[in-house]
>>> print(open('protein-v9.cif').read())   # mmCIF, C-alpha atoms and all ligand atoms
data_model
#
loop_
_atom_site.label_atom_id
_atom_site.label_comp_id
_atom_site.auth_asym_id
_atom_site.auth_seq_id
_atom_site.Cartn_x
_atom_site.Cartn_y
_atom_site.Cartn_z
CA MET I 1 0.00 0.00 0.00
CA THR I 2 1.34 3.45 -0.88
CA ASP I 3 1.64 6.25 1.71
CA ASP I 4 -1.22 8.05 -0.08
CA GLU I 5 -3.51 5.00 0.25
CA LYS I 6 -2.57 4.58 3.92
CA TYR I 7 -3.35 8.25 4.54
CA TYR I 8 -6.83 7.98 3.02
CA LEU I 9 -7.52 5.03 5.33
CA ARG I 10 -6.58 6.92 8.50
CA TYR I 11 -10.23 7.57 9.28
CA ASP I 12 -11.01 3.88 8.81
CA ASP I 13 -8.44 3.11 11.47
CA ARG I 14 -9.99 5.70 13.77
CA TYR I 15 -13.58 4.47 13.24
CA ARG I 16 -12.49 0.86 13.78
CA ARG I 17 -10.84 1.62 17.10
CA MET I 18 -13.71 3.77 18.29
CA HIS I 19 -16.37 1.25 17.28
CA ALA I 20 -14.43 -1.55 19.00
CA GLU I 21 -14.67 0.44 22.23
CA GLY I 22 -18.40 1.02 21.79
CA PHE I 23 -18.16 4.68 20.67
CA GLU I 24 -19.96 6.04 17.66
CA LYS I 25 -20.81 9.20 15.73
CA TRP I 26 -17.64 10.40 17.21
CA ILE I 27 -16.38 12.75 14.49
CA SER I 28 -19.22 15.17 14.89
CA SER I 29 -20.89 15.49 18.24
CA PRO I 30 -24.73 15.68 18.37
CA GLU I 31 -24.32 19.45 19.04
CA ASP I 32 -22.13 19.87 15.95
CA ASN I 33 -24.49 17.74 13.91
CA SER I 34 -27.49 19.95 14.55
CA GLY I 35 -25.59 22.95 13.05
CA VAL I 36 -24.56 20.91 10.02
CA LEU I 37 -28.10 19.64 9.49
CA LYS I 38 -29.46 23.21 9.66
CA SER I 39 -26.95 24.21 6.94
CA ILE I 40 -28.11 21.26 4.89
CA ASP I 41 -31.77 22.24 5.25
CA LYS I 42 -30.90 25.78 4.14
CA PHE I 43 -29.15 24.35 1.07
CA LEU I 44 -32.10 22.04 0.29
CA GLU I 45 -34.40 25.03 0.38
CA TYR I 46 -32.04 26.96 -1.93
CA ALA I 47 -31.84 24.03 -4.37
CA GLY I 48 -35.63 23.77 -4.29
CA CYS I 49 -35.88 20.06 -5.14
CA GLU I 50 -38.78 18.03 -3.78
CA PRO I 51 -37.52 14.82 -2.10
CA SER I 52 -39.53 12.57 -4.37
CA GLY I 53 -37.53 11.81 -7.51
CA THR I 54 -34.42 13.74 -6.37
CA LYS I 55 -31.27 11.62 -6.56
CA ILE I 56 -28.54 12.46 -4.03
CA ILE I 57 -25.03 11.06 -3.72
CA GLU I 58 -22.75 11.79 -0.77
CA PHE I 59 -18.99 11.37 -0.93
CA GLY I 60 -17.18 10.48 2.34
CA CYS I 61 -20.48 9.79 4.14
CA GLY I 62 -18.74 8.45 7.27
CA GLU I 63 -21.10 6.93 9.82
CA GLY I 64 -24.10 8.32 7.97
CA PHE I 65 -25.56 11.13 10.02
CA VAL I 66 -26.25 13.28 6.93
CA ALA I 67 -27.71 10.17 5.27
CA GLU I 68 -30.09 9.61 8.16
CA HIS I 69 -31.39 13.14 7.74
CA LEU I 70 -31.79 12.99 3.95
CA LEU I 71 -33.37 9.54 3.98
CA SER I 72 -35.85 10.65 6.64
CA HIS I 73 -36.91 13.47 4.27
CA GLY I 74 -37.53 10.85 1.56
CA TYR I 75 -34.66 11.62 -0.84
CA ASP I 76 -33.25 8.89 -3.07
CA TYR I 77 -29.83 8.70 -1.37
CA LEU I 78 -26.52 6.87 -1.93
CA GLY I 79 -23.51 7.31 0.40
CA LEU I 80 -19.93 6.30 -0.40
CA ASP I 81 -16.94 5.99 1.89
CA ILE I 82 -13.54 4.31 1.74
CA SER I 83 -13.93 3.12 5.33
CA GLU I 84 -15.51 -0.31 5.76
CA SER I 85 -16.06 0.36 9.43
CA ALA I 86 -17.90 3.62 8.74
CA ILE I 87 -20.10 1.97 6.10
CA GLU I 88 -20.96 -0.88 8.51
CA LYS I 89 -21.92 1.63 11.19
CA ALA I 90 -23.98 3.69 8.74
CA ARG I 91 -25.88 0.56 7.64
CA GLU I 92 -26.44 -0.44 11.27
CA HIS I 93 -27.88 2.99 12.07
CA ILE I 94 -30.20 3.19 9.14
CA GLY I 95 -31.49 -0.38 9.49
CA SER I 96 -32.06 -3.13 6.98
CA LYS I 97 -34.62 -1.23 4.88
CA GLU I 98 -32.07 1.29 3.61
CA LYS I 99 -28.87 -0.70 3.90
CA ASN I 100 -28.30 -0.57 0.14
CA SER I 101 -27.97 3.19 0.54
CA PHE I 102 -24.27 2.82 1.38
CA ILE I 103 -21.37 1.45 -0.61
CA LEU I 104 -17.73 0.98 0.14
CA ALA I 105 -15.90 3.03 -2.49
CA ASP I 106 -12.80 5.11 -2.98
CA ILE I 107 -13.69 8.44 -4.58
CA LEU I 108 -10.28 8.41 -6.30
CA ASN I 109 -10.63 5.03 -7.99
CA ASP I 110 -14.24 3.91 -8.09
CA LEU I 111 -16.28 6.83 -9.40
CA ASP I 112 -16.19 5.55 -12.98
CA ARG I 113 -19.00 3.21 -11.80
CA ILE I 114 -21.28 6.25 -11.53
CA PRO I 115 -22.82 7.36 -14.86
CA ASP I 116 -22.47 10.90 -16.24
CA ALA I 117 -25.09 13.48 -15.24
CA SER I 118 -26.88 10.99 -12.98
CA TYR I 119 -27.40 12.93 -9.72
CA ASP I 120 -29.46 16.02 -8.88
CA MET I 121 -27.41 16.75 -5.77
CA ILE I 122 -23.96 15.92 -4.45
CA PHE I 123 -23.01 16.26 -0.78
CA ASP I 124 -19.44 16.52 0.45
CA ASN I 125 -19.21 17.16 4.17
CA GLN I 126 -15.46 17.43 4.81
CA CYS I 127 -14.33 14.85 2.27
CA PHE I 128 -12.76 17.08 -0.42
CA HIS I 129 -10.38 18.61 2.11
CA MET I 130 -9.06 15.10 2.87
CA LEU I 131 -7.49 14.94 -0.59
CA VAL I 132 -3.91 16.17 -0.39
CA THR I 133 -2.38 15.91 -3.86
CA ASP I 134 -3.14 18.31 -6.72
CA ALA I 135 -4.00 15.44 -9.06
CA HIS I 136 -6.37 13.77 -6.57
CA ARG I 137 -8.22 17.02 -5.99
CA ARG I 138 -8.52 17.80 -9.71
CA ASN I 139 -9.66 14.27 -10.61
CA TYR I 140 -12.27 14.22 -7.86
CA LEU I 141 -13.69 17.63 -8.88
CA LYS I 142 -13.75 16.46 -12.50
CA ASP I 143 -15.92 13.52 -11.35
CA VAL I 144 -18.18 15.80 -9.31
CA ARG I 145 -18.74 17.88 -12.45
CA ARG I 146 -19.32 14.78 -14.61
CA ILE I 147 -21.77 13.08 -12.21
CA LEU I 148 -23.84 16.18 -11.41
CA LYS I 149 -26.80 16.80 -13.71
CA LYS I 150 -26.48 19.99 -15.77
CA ASP I 151 -28.96 21.81 -13.53
CA GLY I 152 -27.87 19.98 -10.35
CA LYS I 153 -26.33 21.46 -7.20
CA ALA I 154 -23.50 20.34 -4.94
CA PHE I 155 -23.01 21.15 -1.27
CA PHE I 156 -19.45 21.34 0.03
CA ARG I 157 -18.60 21.90 3.70
CA GLU I 158 -14.85 22.07 4.28
CA CYS I 159 -12.39 23.51 6.74
CA VAL I 160 -11.13 26.89 5.61
CA GLN I 161 -7.94 28.85 6.22
CA GLU I 162 -7.10 32.49 5.64
CA GLU I 163 -4.16 32.00 3.29
CA GLU I 164 -4.64 30.48 -0.13
CA PHE I 165 -2.85 27.13 -0.49
CA THR I 166 -0.42 27.80 -3.32
CA GLN I 167 2.07 24.92 -3.12
CA SER I 168 2.05 22.15 -5.65
CA ILE I 169 1.75 18.70 -4.03
CA SER I 170 2.59 15.46 -5.82
CA ASN I 171 2.11 12.88 -3.05
CA PHE I 172 1.40 12.49 0.66
CA ARG I 173 5.10 12.61 1.70
CA ASP I 174 5.62 15.75 -0.38
CA TRP I 175 2.60 17.30 1.37
CA LEU I 176 3.92 16.44 4.85
CA ASP I 177 7.38 17.80 3.97
CA LYS I 178 6.04 21.06 2.52
CA THR I 179 3.39 21.78 5.15
CA GLY I 180 5.17 20.41 8.24
CA ASN I 181 1.92 18.70 9.24
CA GLU I 182 2.26 15.81 11.64
CA TYR I 183 -0.16 13.05 12.38
CA ASP I 184 1.38 10.94 15.11
CA THR I 185 0.75 12.97 18.26
CA LEU I 186 -2.39 12.04 20.18
CA HIS I 187 -5.09 14.69 20.64
CA ASP I 188 -8.31 14.80 22.67
CA TYR I 189 -11.58 14.28 20.79
CA PRO I 190 -15.18 14.02 21.97
CA ALA I 191 -16.81 10.61 21.61
CA TYR I 192 -20.25 9.30 22.52
CA LYS I 193 -21.45 6.08 24.14
CA ASP I 194 -25.10 5.59 25.17
CA GLY I 195 -25.68 9.33 24.74
CA LYS I 196 -22.86 10.21 27.17
CA ARG I 197 -19.93 12.36 26.13
CA TYR I 198 -16.38 11.11 26.69
CA THR I 199 -12.96 12.42 25.72
CA VAL I 200 -10.76 10.00 23.85
CA LYS I 201 -7.21 10.24 22.56
CA ALA I 202 -6.56 9.68 18.87
CA PRO I 203 -3.91 10.71 16.35
CA ARG I 204 -4.67 13.88 14.44
CA ILE I 205 -5.58 13.50 10.77
CA PRO I 206 -4.37 16.64 9.05
CA ALA I 207 -6.14 17.69 5.87
CA ARG I 208 -5.56 20.15 3.02
CA PHE I 209 -7.64 23.25 3.65
CA ASN I 210 -7.87 26.27 1.39
CA SER I 211 -9.03 29.88 1.57
CA GLU I 212 -12.19 31.20 -0.07
CA SER I 213 -10.24 32.34 -3.13
CA GLY I 214 -8.34 29.04 -3.22
CA TYR I 215 -11.46 26.89 -3.10
CA ARG I 216 -13.13 29.09 -5.71
CA ARG I 217 -10.10 28.75 -7.96
CA GLU I 218 -9.94 24.94 -7.62
CA LEU I 219 -13.65 24.47 -8.28
CA GLU I 220 -13.78 26.96 -11.12
CA GLU I 221 -10.73 25.43 -12.83
CA SER I 222 -12.63 22.12 -12.81
CA GLY I 223 -15.66 23.54 -14.61
CA LEU I 224 -17.73 24.15 -11.49
CA ARG I 225 -19.31 27.40 -10.37
CA VAL I 226 -19.47 28.56 -6.73
CA GLU I 227 -22.92 30.16 -6.44
CA TYR I 228 -22.73 30.83 -2.72
CA PHE I 229 -19.96 30.92 -0.12
CA GLU I 230 -20.14 31.39 3.63
CA SER I 231 -17.57 30.89 6.34
CA ASP I 232 -17.30 31.23 10.11
CA GLY I 233 -13.51 31.36 9.81
CA TRP I 234 -13.17 27.66 10.59
CA VAL I 235 -15.55 25.87 8.27
CA CYS I 236 -16.95 27.09 4.96
CA ILE I 237 -20.02 26.10 3.00
CA MET I 238 -20.25 26.31 -0.76
CA TYR I 239 -23.21 25.80 -3.08
CA VAL I 240 -21.85 24.66 -6.40
CA SER I 241 -23.21 24.04 -9.89
CA VAL I 242 -21.86 23.02 -13.27
CA GLN I 243 -20.46 25.96 -15.27
CA ARG I 244 -22.56 26.79 -18.30
CA GLU I 245 -20.72 26.42 -21.61
C1 LIG V 301 -13.58 14.29 8.01
S1 LIG V 301 -14.37 12.74 7.70
C2 LIG V 301 -16.04 13.27 7.43
C3 LIG V 301 -17.03 12.14 7.53
C4 LIG V 301 -18.52 12.53 7.41
N1 LIG V 301 -18.79 13.26 6.18
C5 LIG V 301 -18.92 13.32 8.64
O1 LIG V 301 -19.02 14.53 8.54
O2 LIG V 301 -19.10 12.70 9.70
C6 LIG V 301 -13.78 12.36 6.10
C7 LIG V 301 -14.38 11.09 5.51
O3 LIG V 301 -13.87 10.92 4.20
C8 LIG V 301 -13.59 9.55 4.01
N2 LIG V 301 -12.58 9.42 2.94
C9 LIG V 301 -11.27 9.79 2.98
N3 LIG V 301 -10.67 9.51 1.83
C10 LIG V 301 -11.61 8.93 1.03
C11 LIG V 301 -11.59 8.38 -0.29
N4 LIG V 301 -10.46 8.37 -1.01
N5 LIG V 301 -12.73 7.87 -0.79
C12 LIG V 301 -13.88 7.86 -0.04
N6 LIG V 301 -13.96 8.34 1.20
C13 LIG V 301 -12.83 8.88 1.74
C14 LIG V 301 -13.10 9.07 5.38
O4 LIG V 301 -13.17 7.67 5.54
C15 LIG V 301 -14.04 9.83 6.30
O5 LIG V 301 -15.23 9.12 6.56
#
>>> encode(input="protein-v9.cif", output="structure tokens")
Amino acid sequence: MTDDEKYYLRYDDRYRRMHAEGFEKWISSPEDNSGVLKSIDKFLEYAGCEPSGTKIIEFGCGEGFVAEHLLSHGYDYLGLDISESAIEKAREHIGSKEKNSFILADILNDLDRIPDASYDMIFDNQCFHMLVTDAHRRNYLKDVRRILKKDGKAFFRECVQEEEFTQSISNFRDWLDKTGNEYDTLHDYPAYKDGKRYTVKAPRIPARFNSESGYRRELEESGLRVEYFESDGWVCIMYVSVQRE
């Protein structure tokens, strides 16, 4: 396995350990989730698509808390994640009726299974910022553009930084060397068991954030249009569509 592949499985390792200890939904606490779900409802209102007949795909769906919300509204939903442990947990949460709503897939290698212009909406809640090389980011955005229907909308929610990311990155090692990021030290994270909050130690998983202008540049260079941008200085939300020719 290459360093890049190992890096993209870091979350799988984290989910596996947490699930083994009985923790779940640990990335985003229930308090965080309610804010994210409000942002999603605002986006759904903006996009103006009735649940019935609206096809949604989510990349990096994790343990499926966004899925739960969208499925409960009645959308036709499919979630993809590279982590087997996350997909198992998502299926367990949703129950047998909707268990085909999740598939184990790597957004860098498996998206050719998804036909062109086949989804009305794409959700990416902190998955794009996981991609660290220039080529991975470009290829993924190219797929987002290809899979989204011509009048479709995508929702991106990513961590944001003030400075535009201007370095060119060829692989995970190159990224670590150029950014000085480390991912071995243990940090405290909130985790939940039976509705009770705990603090657990886990290695940090650094990601490649960008500034508003940087994200706009990346998306626009891939044939996407940022229709709306908001940021609280830590996380940004973008509503995105396919650029008109
Ligand atoms: C920061 S987490 C966000 C998870 C989820 N969206 C949430 O908010 O709880 C990033 C997710 O992206 C997934 N991921 C990372 N690289 C991926 C890849 N190459 N293909 C598919 N999923 C990937 C991870 O397994 C993880 O679930």
>>> residues_near_ligand(input="protein-v9.cif", ligand="ligand LIG 301 (chain V)", cutoff="7 Å", atoms="all atoms listed in the file", output="list in words")
Tyr8, Leu9, Tyr11, Asp12, Ile27, Ser28, Phe59, Gly60, Cys61, Gly62, Glu63, Gly64, Phe65, Leu80, Asp81, Ile82, Ser83, Ala86, Ala105, Asp106, Ile107, Leu108, Asp124, Asn125, Gln126, Cys127, Met130 and Leu131 of chain I
>>> closest_residue(input="protein-v9.cif", among="I:Asp112, I:Glu230, I:Asp177, I:Asp194", to="I:Val160", atoms="only C-alpha atoms")
I:Glu230
>>> atom_distance(input="protein-v9.cif", atom1="atom CA of I:Glu212", atom2="atom CA of I:Glu163")
8.7 Å
>>> residues_around(input="protein-v9.cif", residues="I:Lys178", least_positions_apart="4", cutoff="9 Å", atoms="all atoms listed in the file", output="ChimeraX atom specification")
/I:167,169,173-174
>>> residues_near_point(input="protein-v9.cif", point="(-23.8, -0.5, 1.6)", cutoff="8 Å", atoms="only C-alpha atoms", output="ChimeraX atom specification")
/I:79,87-88,91,99-104
>>> write_last_selection(input="protein-v9.cif", atoms="C-alpha atoms", output="PDB file, in the coordinates of the input")
ATOM      1  CA  GLY I  79     -23.510   7.310   0.400  1.00  0.00           C
ATOM      2  CA  ILE I  87     -20.100   1.970   6.100  1.00  0.00           C
ATOM      3  CA  GLU I  88     -20.960  -0.880   8.510  1.00  0.00           C
ATOM      4  CA  ARG I  91     -25.880   0.560   7.640  1.00  0.00           C
ATOM      5  CA  LYS I  99     -28.870  -0.700   3.900  1.00  0.00           C
ATOM      6  CA  ASN I 100     -28.300  -0.570   0.140  1.00  0.00           C
ATOM      7  CA  SER I 101     -27.970   3.190   0.540  1.00  0.00           C
ATOM      8  CA  PHE I 102     -24.270   2.820   1.380  1.00  0.00           C
ATOM      9  CA  ILE I 103     -21.370   1.450  -0.610  1.00  0.00           C
ATOM     10  CA  LEU I 104     -17.730   0.980   0.140  1.00  0.00           C
TER      11      LEU I 104
END
>>> atom_distance(input="protein-v9.cif", atom1="atom CA of I:Asp151", atom2="atom CA of I:Leu219")
16.4 Å
>>> atom_distance(input="protein-v9.cif", atom1="atom CA of I:Asp76", atom2="atom CA of I:Pro51")
7.4 Å
>>> closest_residue(input="protein-v9.cif", among="I:Asp134, I:Cys159, I:Leu71, I:Trp175", to="I:Gly95", atoms="only C-alpha atoms")
I:Leu71
>>> closest_residue(input="protein-v9.cif", among="I:Tyr140, I:Trp234, I:Tyr239, I:Tyr228", to="I:Ser211", atoms="all atoms listed in the file")
I:Trp234
>>> closest_residue(input="protein-v9.cif", among="I:Gly180, I:Pro115, I:Pro203, I:Gly195", to="I:Asp143", atoms="only C-alpha atoms")
I:Pro115
>>> closest_residue(input="protein-v9.cif", among="I:His93, I:Lys42, I:Arg208, I:His19", to="I:Ala67", atoms="all atoms listed in the file")
I:His93
>>> closest_residue(input="protein-v9.cif", among="I:Val226, I:Ile205, I:Ala47, I:Ile122", to="I:Asp13", atoms="all atoms listed in the file")
I:Ile205
